[in-house]
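Shown below: protein.txt, with compact mmCIF, C-alpha atoms.
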```txt
# COMPACT_ATOMS: atom_id res chain seq x y z
CA MET A 1 -22.77 -291.39 -156.30
CA SER A 2 -23.05 -292.68 -152.73
CA SER A 3 -19.97 -293.55 -150.72
CA VAL A 4 -18.93 -293.62 -147.10
CA ILE A 5 -15.71 -291.66 -146.87
CA GLY A 6 -15.31 -291.51 -143.13
CA ARG A 7 -16.56 -293.55 -140.20
CA ILE A 8 -16.13 -293.26 -136.46
CA ASP A 9 -17.44 -296.05 -134.23
CA TYR A 10 -18.78 -295.32 -130.77
CA PRO A 11 -19.58 -297.76 -127.94
CA ASN A 12 -22.90 -299.65 -127.98
CA ASN A 13 -22.93 -300.15 -131.75
CA ARG A 14 -23.28 -296.51 -132.62
CA VAL A 15 -21.65 -294.88 -135.58
CA PHE A 16 -20.97 -291.52 -137.20
CA GLU A 17 -20.43 -291.61 -140.96
CA VAL A 18 -19.38 -288.97 -143.44
CA LYS A 19 -20.89 -289.63 -146.87
CA GLU A 20 -20.81 -288.10 -150.30
CA ASN A 21 -24.37 -288.39 -151.51
CA ASN A 22 -27.68 -286.63 -152.09
CA ILE A 23 -29.29 -286.52 -148.63
CA LEU A 24 -32.67 -287.33 -150.19
CA ASN A 25 -31.32 -290.74 -151.21
CA GLU A 26 -30.28 -291.76 -147.71
CA ASN A 27 -32.00 -294.69 -146.03
CA VAL A 28 -32.60 -293.16 -142.58
CA ASP A 29 -35.52 -292.40 -140.25
CA VAL A 30 -35.12 -288.65 -140.35
CA ILE A 31 -33.23 -286.05 -142.35
CA VAL A 32 -32.22 -282.55 -141.37
CA ASN A 33 -33.02 -279.42 -143.32
CA ALA A 34 -30.62 -276.47 -143.16
CA ALA A 35 -33.47 -274.00 -142.67
CA ASN A 36 -33.87 -270.31 -142.05
CA GLY A 37 -35.82 -268.96 -139.07
CA LEU A 38 -39.02 -268.47 -141.05
CA LEU A 39 -38.95 -271.89 -142.73
CA THR A 40 -39.32 -270.32 -146.16
CA HIS A 41 -37.14 -273.00 -147.77
CA GLY A 42 -35.94 -270.51 -150.37
CA GLY A 43 -32.64 -271.97 -151.51
CA GLY A 44 -29.95 -274.62 -151.30
CA VAL A 45 -30.66 -277.82 -149.36
CA ALA A 46 -33.85 -276.35 -147.88
CA TYR A 47 -35.32 -275.74 -151.32
CA ALA A 48 -34.36 -279.22 -152.56
CA ILE A 49 -35.93 -280.94 -149.54
CA ALA A 50 -39.09 -278.82 -149.61
CA GLN A 51 -39.59 -279.35 -153.33
CA ALA A 52 -39.24 -283.09 -152.96
CA ALA A 53 -41.51 -283.19 -149.92
CA GLY A 54 -44.27 -281.21 -151.62
CA ASP A 55 -47.05 -278.91 -150.40
CA GLU A 56 -47.60 -280.66 -147.09
CA LEU A 57 -44.18 -279.59 -145.81
CA TYR A 58 -44.68 -275.99 -146.94
CA LYS A 59 -48.10 -275.85 -145.27
CA GLU A 60 -46.86 -277.38 -142.05
CA SER A 61 -43.91 -274.98 -141.98
CA GLU A 62 -46.19 -272.00 -142.55
CA LYS A 63 -48.54 -273.16 -139.79
CA TYR A 64 -45.68 -273.62 -137.35
CA ILE A 65 -44.37 -270.10 -137.95
CA LYS A 66 -47.87 -268.60 -137.66
CA GLU A 67 -48.40 -270.26 -134.30
CA ASN A 68 -44.91 -270.00 -132.82
CA GLY A 69 -43.14 -267.17 -134.60
CA ARG A 70 -39.62 -267.14 -135.95
CA ILE A 71 -37.26 -269.94 -134.93
CA PRO A 72 -34.14 -268.53 -133.29
CA VAL A 73 -30.62 -269.47 -134.35
CA THR A 74 -29.78 -272.92 -132.86
CA GLY A 75 -33.51 -273.73 -132.82
CA VAL A 76 -34.80 -277.02 -134.24
CA VAL A 77 -38.29 -278.11 -135.28
CA LEU A 78 -39.64 -281.50 -136.33
CA THR A 79 -42.23 -281.77 -139.10
CA THR A 80 -43.59 -284.59 -141.21
CA ALA A 81 -41.72 -285.40 -144.40
CA GLY A 82 -44.58 -284.96 -146.87
CA LYS A 83 -44.09 -287.10 -149.95
CA LEU A 84 -40.63 -288.23 -148.82
CA SER A 85 -40.16 -291.67 -147.33
CA PHE A 86 -38.60 -290.44 -144.08
CA LYS A 87 -40.48 -290.45 -140.76
CA GLY A 88 -39.80 -286.75 -140.38
CA VAL A 89 -37.70 -283.73 -141.26
CA ILE A 90 -35.87 -281.76 -138.58
CA HIS A 91 -35.48 -278.12 -139.56
CA ALA A 92 -32.36 -276.64 -138.01
CA VAL A 93 -31.54 -272.94 -137.99
CA GLY A 94 -27.78 -272.59 -138.02
CA PRO A 95 -25.89 -269.31 -137.70
CA LYS A 96 -24.74 -267.24 -140.65
CA PHE A 97 -21.55 -265.33 -141.14
CA GLY A 98 -21.00 -262.37 -138.86
CA GLU A 99 -23.50 -263.12 -136.10
CA GLY A 100 -20.71 -263.81 -133.63
CA ASN A 101 -19.87 -267.10 -131.86
CA GLU A 102 -20.76 -268.94 -135.06
CA GLY A 103 -18.79 -272.06 -134.09
CA GLU A 104 -20.49 -272.37 -130.70
CA LYS A 105 -23.92 -271.66 -132.20
CA LEU A 106 -23.43 -274.23 -134.94
CA PHE A 107 -22.27 -276.82 -132.41
CA GLN A 108 -25.42 -276.13 -130.35
CA THR A 109 -27.64 -276.35 -133.44
CA VAL A 110 -26.35 -279.80 -134.40
CA TYR A 111 -26.47 -280.98 -130.77
CA ASN A 112 -30.11 -279.83 -130.54
CA VAL A 113 -30.90 -281.72 -133.75
CA LEU A 114 -29.46 -284.94 -132.34
CA LYS A 115 -31.29 -284.55 -129.03
CA LEU A 116 -34.60 -283.92 -130.80
CA ALA A 117 -34.13 -287.00 -132.97
CA ASN A 118 -33.28 -289.09 -129.91
CA ASN A 119 -36.27 -287.76 -127.95
CA ASN A 120 -38.49 -288.91 -130.80
CA ALA A 121 -36.90 -292.37 -130.80
CA PHE A 122 -35.45 -292.12 -134.29
CA SER A 123 -32.62 -294.61 -134.75
CA SER A 124 -30.92 -293.09 -137.78
CA LEU A 125 -30.44 -289.55 -139.03
CA ALA A 126 -28.73 -287.80 -141.92
CA PHE A 127 -27.77 -284.15 -141.79
CA PRO A 128 -26.34 -281.90 -144.49
CA ALA A 129 -23.70 -279.21 -144.18
CA ILE A 130 -25.50 -276.64 -142.03
CA SER A 131 -24.42 -272.97 -142.22
CA ALA A 132 -22.46 -273.67 -145.38
CA GLY A 133 -24.54 -271.71 -147.92
CA ILE A 134 -23.90 -268.36 -149.56
CA PHE A 135 -23.57 -266.60 -146.17
CA ARG A 136 -21.49 -269.43 -144.86
CA VAL A 137 -19.56 -269.82 -141.66
CA PRO A 138 -15.91 -270.70 -142.51
CA HIS A 139 -15.73 -274.34 -143.46
CA ASP A 140 -13.12 -275.34 -140.89
CA ILE A 141 -15.33 -273.93 -138.12
CA CYS A 142 -18.33 -275.82 -139.56
CA ALA A 143 -16.42 -279.10 -139.71
CA LYS A 144 -15.21 -278.84 -136.11
CA ALA A 145 -18.73 -278.01 -134.87
CA TYR A 146 -20.28 -281.03 -136.63
CA PHE A 147 -17.78 -283.47 -135.13
CA ASP A 148 -17.86 -281.88 -131.67
CA ALA A 149 -21.65 -282.03 -131.54
CA VAL A 150 -21.84 -285.70 -132.52
CA ASP A 151 -19.06 -286.56 -130.10
CA LYS A 152 -20.76 -284.78 -127.21
CA PHE A 153 -24.14 -286.28 -128.03
CA TYR A 154 -22.82 -289.86 -128.08
CA ASN A 155 -20.92 -289.24 -124.85
CA ASP A 156 -23.88 -287.57 -123.08
CA PHE A 157 -26.39 -290.24 -124.16
CA LYS A 158 -24.50 -293.51 -123.91
CA TYR A 159 -27.61 -295.62 -124.57
CA SER A 160 -29.28 -293.39 -127.14
CA PHE A 161 -32.07 -294.55 -129.45
CA LEU A 162 -30.16 -292.74 -132.16
CA LYS A 163 -27.44 -295.13 -133.30
CA THR A 164 -26.57 -293.99 -136.81
CA ILE A 165 -25.69 -290.39 -137.61
CA LYS A 166 -24.64 -289.49 -141.14
CA LEU A 167 -23.17 -286.23 -142.36
CA VAL A 168 -24.12 -286.19 -146.04
CA MET A 169 -22.99 -283.71 -148.66
CA PHE A 170 -21.81 -283.29 -152.21
CA LYS A 171 -18.20 -282.92 -153.30
CA GLY A 172 -16.77 -279.47 -152.65
CA LYS A 173 -14.84 -277.28 -150.26
CA ILE A 174 -17.01 -278.14 -147.27
CA LEU A 175 -16.52 -281.86 -147.84
CA ASP A 176 -12.75 -281.25 -148.06
CA ALA A 177 -12.84 -279.42 -144.73
CA VAL A 178 -14.91 -282.19 -143.12
CA LEU A 179 -12.46 -284.83 -144.37
CA LYS A 180 -9.54 -282.82 -143.00
CA GLU A 181 -11.24 -282.69 -139.60
CA TYR A 182 -12.05 -286.40 -139.87
CA GLU A 183 -8.42 -287.31 -140.58
CA TYR A 184 -7.30 -285.15 -137.64
CA ARG A 185 -9.71 -286.90 -135.28
CA LYS A 186 -8.99 -290.38 -136.61
CA ASN A 187 -5.29 -289.86 -135.98
CA LYS A 188 -6.03 -288.71 -132.43
CA ILE A 189 -7.99 -291.89 -131.56
CA MET B 1 -19.43 -274.23 -165.17
CA LYS B 2 -17.02 -271.89 -163.39
CA LYS B 3 -14.41 -272.27 -166.12
CA TYR B 4 -17.08 -271.54 -168.72
CA PHE B 5 -18.07 -268.25 -167.11
CA ILE B 6 -14.49 -267.15 -166.51
CA THR B 7 -13.56 -267.94 -170.12
CA LEU B 8 -16.61 -266.08 -171.38
CA PHE B 9 -15.72 -263.12 -169.21
CA ILE B 10 -12.11 -262.99 -170.42
CA VAL B 11 -13.13 -263.31 -174.08
CA LEU B 12 -15.70 -260.55 -173.68
CA PHE B 13 -13.16 -258.39 -171.92
CA LEU B 14 -10.52 -258.85 -174.62
CA PHE B 15 -12.99 -258.35 -177.44
CA THR B 16 -14.43 -255.16 -176.02
CA GLY B 17 -11.01 -253.91 -175.03
CA LEU B 18 -9.87 -254.15 -178.64
CA SER B 19 -12.88 -252.20 -179.83
CA TYR B 20 -12.34 -249.37 -177.38
CA SER B 21 -14.09 -246.28 -178.67
CA ALA B 22 -15.69 -244.51 -175.72
CA ASP B 23 -15.98 -240.73 -175.42
CA LYS B 24 -14.97 -240.74 -171.75
CA SER B 25 -12.72 -243.02 -169.79
CA PHE B 26 -14.29 -243.79 -166.40
CA ASP B 27 -16.65 -242.84 -163.56
CA MET B 28 -16.04 -243.47 -159.89
CA TYR B 29 -18.81 -244.12 -157.36
CA ILE B 30 -18.82 -244.30 -153.59
CA GLY B 31 -21.85 -245.78 -151.93
CA ALA B 32 -23.37 -248.40 -149.70
CA ASN B 33 -25.20 -251.63 -150.23
CA ILE B 34 -27.33 -254.09 -148.36
CA LEU B 35 -27.89 -257.76 -149.05
CA THR B 36 -29.97 -260.57 -147.64
CA ASP B 37 -30.78 -264.16 -148.48
CA SER B 38 -33.26 -265.36 -151.09
CA SER B 39 -36.08 -265.67 -148.55
CA PHE B 40 -36.01 -261.87 -148.72
CA THR B 41 -37.21 -261.58 -145.14
CA PHE B 42 -34.30 -259.44 -143.91
CA GLU B 43 -34.16 -261.74 -140.91
CA TYR B 44 -30.45 -261.74 -141.73
CA TYR B 45 -28.69 -259.03 -143.67
CA LEU B 46 -25.27 -257.60 -144.35
CA TRP B 47 -24.51 -254.04 -145.33
CA GLY B 48 -21.54 -251.83 -145.89
CA PRO B 49 -19.78 -249.12 -147.84
CA GLY B 50 -17.78 -249.54 -151.00
CA VAL B 51 -16.24 -248.07 -154.08
CA ALA B 52 -17.07 -248.88 -157.70
CA PHE B 53 -15.80 -247.82 -161.09
CA ASP B 54 -17.22 -247.85 -164.60
CA PHE B 55 -14.47 -248.00 -167.20
CA TYR B 56 -15.96 -247.27 -170.60
CA LEU B 57 -14.99 -249.81 -173.22
CA THR B 58 -17.49 -248.31 -175.64
CA ASP B 59 -20.17 -245.68 -175.03
CA ASN B 60 -22.58 -248.33 -173.78
CA LEU B 61 -20.31 -251.05 -172.48
CA THR B 62 -18.40 -250.79 -169.24
CA ILE B 63 -16.12 -252.97 -167.23
CA SER B 64 -16.95 -252.27 -163.61
CA PRO B 65 -14.59 -253.31 -160.84
CA GLU B 66 -15.82 -252.72 -157.30
CA ALA B 67 -14.93 -253.49 -153.71
CA TYR B 68 -17.53 -253.55 -150.96
CA MET B 69 -17.15 -254.21 -147.27
CA TYR B 70 -19.96 -256.15 -145.61
CA VAL B 71 -20.77 -256.31 -141.93
CA TYR B 72 -23.55 -258.09 -140.09
CA LYS B 73 -25.76 -255.44 -138.50
CA PHE B 74 -23.25 -253.40 -136.47
CA GLU B 75 -20.68 -256.13 -135.80
CA PHE B 76 -17.55 -254.79 -137.44
CA ASN B 77 -15.20 -257.62 -136.54
CA PRO B 78 -14.91 -259.80 -138.52
CA PHE B 79 -16.08 -258.33 -141.82
CA ILE B 80 -16.21 -259.42 -145.44
CA LEU B 81 -14.27 -257.70 -148.19
CA ALA B 82 -15.99 -258.45 -151.49
CA PRO B 83 -14.17 -257.38 -154.65
CA ALA B 84 -15.97 -258.01 -157.92
CA VAL B 85 -15.55 -257.33 -161.62
CA LEU B 86 -18.60 -256.98 -163.84
CA VAL B 87 -19.25 -256.20 -167.47
CA ASN B 88 -22.31 -253.98 -167.91
CA MET B 89 -24.32 -252.96 -170.96
CA ARG B 90 -25.94 -249.53 -170.90
CA PHE B 91 -29.29 -248.72 -172.51
CA ASN B 92 -29.75 -244.99 -171.86
CA THR B 93 -30.13 -244.82 -168.06
CA PHE B 94 -30.63 -248.55 -167.62
CA PHE B 95 -27.80 -251.03 -167.26
CA VAL B 96 -27.51 -254.77 -166.89
CA GLY B 97 -24.51 -257.04 -166.55
CA ALA B 98 -22.72 -259.88 -164.88
CA GLY B 99 -19.35 -260.77 -163.48
CA ILE B 100 -17.54 -262.60 -160.75
CA THR B 101 -16.95 -261.92 -157.09
CA LYS B 102 -14.98 -263.51 -154.30
CA TRP B 103 -15.43 -262.86 -150.59
CA PHE B 104 -12.62 -262.55 -148.08
CA LEU B 105 -13.25 -262.83 -144.37
CA ILE B 106 -11.13 -260.26 -142.57
CA GLY B 107 -10.45 -260.34 -138.84
CA SER B 108 -11.44 -263.96 -138.23
CA ASN B 109 -9.22 -266.62 -136.69
CA ALA B 110 -10.61 -269.20 -139.12
CA SER B 111 -8.07 -270.73 -141.48
CA ASP B 112 -10.57 -270.81 -144.34
CA VAL B 113 -11.07 -267.15 -145.11
CA SER B 114 -12.04 -266.89 -148.77
CA SER B 115 -15.08 -268.05 -150.69
CA ASP B 116 -15.12 -269.72 -154.08
CA PHE B 117 -15.65 -267.40 -157.02
CA ALA B 118 -19.35 -266.62 -157.30
CA LEU B 119 -21.49 -265.20 -160.08
CA LYS B 120 -22.81 -261.67 -159.58
CA ILE B 121 -25.53 -260.33 -161.85
CA ASN B 122 -26.82 -256.80 -161.59
CA ALA B 123 -29.22 -254.34 -163.18
CA GLY B 124 -30.20 -250.80 -162.35
CA PHE B 125 -30.32 -247.17 -163.23
CA VAL B 126 -27.67 -244.54 -163.54
CA SER B 127 -28.06 -240.76 -163.64
CA GLU B 128 -25.61 -237.85 -163.68
CA SER B 129 -24.94 -238.18 -159.96
CA LEU B 130 -26.41 -241.51 -158.78
CA LYS B 131 -26.24 -245.18 -159.54
CA LEU B 132 -28.90 -247.51 -158.16
CA SER B 133 -28.42 -251.20 -158.70
CA PHE B 134 -30.07 -254.45 -157.70
CA PHE B 135 -28.00 -257.58 -157.70
CA ALA B 136 -27.89 -261.30 -157.02
CA ILE B 137 -24.87 -263.33 -155.99
CA THR B 138 -24.97 -267.09 -156.42
CA SER B 139 -22.39 -269.81 -156.18
CA PHE B 140 -21.43 -271.63 -159.37
CA ASP B 141 -22.02 -274.95 -157.59
CA GLU B 142 -25.64 -274.14 -156.78
CA LEU B 143 -26.47 -271.70 -159.52
CA PHE B 144 -29.58 -269.67 -158.57
CA SER B 145 -30.69 -272.14 -155.89
CA ASP B 146 -28.64 -270.47 -153.15
CA MET B 147 -28.57 -266.72 -153.61
CA ALA B 148 -27.81 -263.47 -151.88
CA LEU B 149 -29.97 -260.58 -153.07
CA GLY B 150 -29.11 -256.95 -152.59
CA ALA B 151 -29.28 -253.34 -153.63
CA SER B 152 -26.73 -250.56 -153.72
CA LEU B 153 -26.94 -246.80 -153.98
CA ALA B 154 -23.79 -244.93 -154.97
CA PHE B 155 -22.85 -241.35 -155.70
CA ARG B 156 -20.65 -240.38 -158.62
CA PHE B 157 -17.46 -238.45 -157.88
```

Could you quickly redo this structure as structure tokens?
Amino acid sequence: MSSVIGRIDYPNNRVFEVKENNILNENVDVIVNAANGLLTHGGGVAYAIAQAAGDELYKESEKYIKENGRIPVTGVVLTTAGKLSFKGVIHAVGPKFGEGNEGEKLFQTVYNVLKLANNNAFSSLAFPAISAGIFRVPHDICAKAYFDAVDKFYNDFKYSFLKTIKLVMFKGKILDAVLKEYEYRKNKI
Amino acid sequence: MKKYFITLFIVLFLFTGLSYSADKSFDMYIGANILTDSSFTFEYYLWGPGVAFDFYLTDNLTISPEAYMYVYKFEFNPFILAPAVLVNMRFNTFFVGAGITKWFLIGSNASDVSSDFALKINAGFVSESLKLSFFAITSFDELFSDMALGASLAFRF
């Protein structure tokens, strides 16, 4: 099932959408992987993306870590998308529960993702719920960070290459929290 | 899926409760555990103390409630309180079982402070004074694709 369940329009024909869908089915330039710092792609969204992308993504991830070491929390890395049809995959290392300042770190992670996509002249991007796995940051903190980051990005880069940002996830508690945040923001506009 | 596991758990509990025939009633353990994500790199880990019980339904079947506290490294605020209830089968010193757990975030200003119920499976060894167990916790929504893996060592009192 693919459906847009929230949409915020920004000046210069730019948009932020919330969608219920499988991120692998999105028609965008680049997708985001909720990765860990060693790019092992062991579970959740990371596993699904890596499996679909194939060996090339695993090899490139391994090479990156060998050459550069562990990616810190809030760090982002662009790789090719392997067998997937996207122009690239941005691996984003969000915080996990208990690290402290999770909301701020998650905001920074998403903001870094958007900046990296823009610097590479991608025009559309889809990102999943980052930091929402088994060691998740509370969903309301996640939802606020996602919206804040997109808002700041579109305000900081008024003529960005990146014009379509989609937050894509399956039905569940995190989607409920995102919709609650969306309704709150829509009513404020 | 969640309803299926909960129903299975309740049926098993009722069935074994009716056939109660154990020689002793319960054991209590106090110990500590550590858990990390399925990458098993220990780049991120939680640890903490806890208490666990084995209530004997039969000589080789226990219902094992437990409550562990988890902290990230040495950050004690906030922390997770993780109660769980498992049903374990004993084969001499070896045991294996499964149950459900739910995490509560204590000391956070977030409004969303509890997790969904998750599946916990465990296996390990028990002696006169020690219980060593290895476990996996996975959400029912992403069964075995998103997992926490851990180990606990507890002393019998």

For this session: Enter the distance from CA of Leu114 in chain A to CA of Glu142 in chain B, in Å, rounded to one decimal.
Result: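 So the answer is 27.0 Å.
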
Exercise. Neighbours of Phe55 in chain B within 10 Å (only C-alpha atoms; same-chain residues fewer than 6 positions away dropped), as a ChimeraX atom specification?
Worked result: /B:22,24-28,61-65,87-88

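Of the residues listed (A:Ala117, A:Ala149, A:Ile90, A:Val137), A:Val137 shows the shortest atom-to-atom separation from chain B; distances use all atoms listed in the file.
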
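Computed from the coordinates, the CA of Ser2 in chain A to CA of Tyr184 in chain A distance equals 23.1 Å.
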
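Candidate residues A:Gly82, A:Gly75, A:Lys19, A:Val89 were compared for distance to Asn33 in chain A, and the nearest is A:Val89, using only C-alpha atoms.
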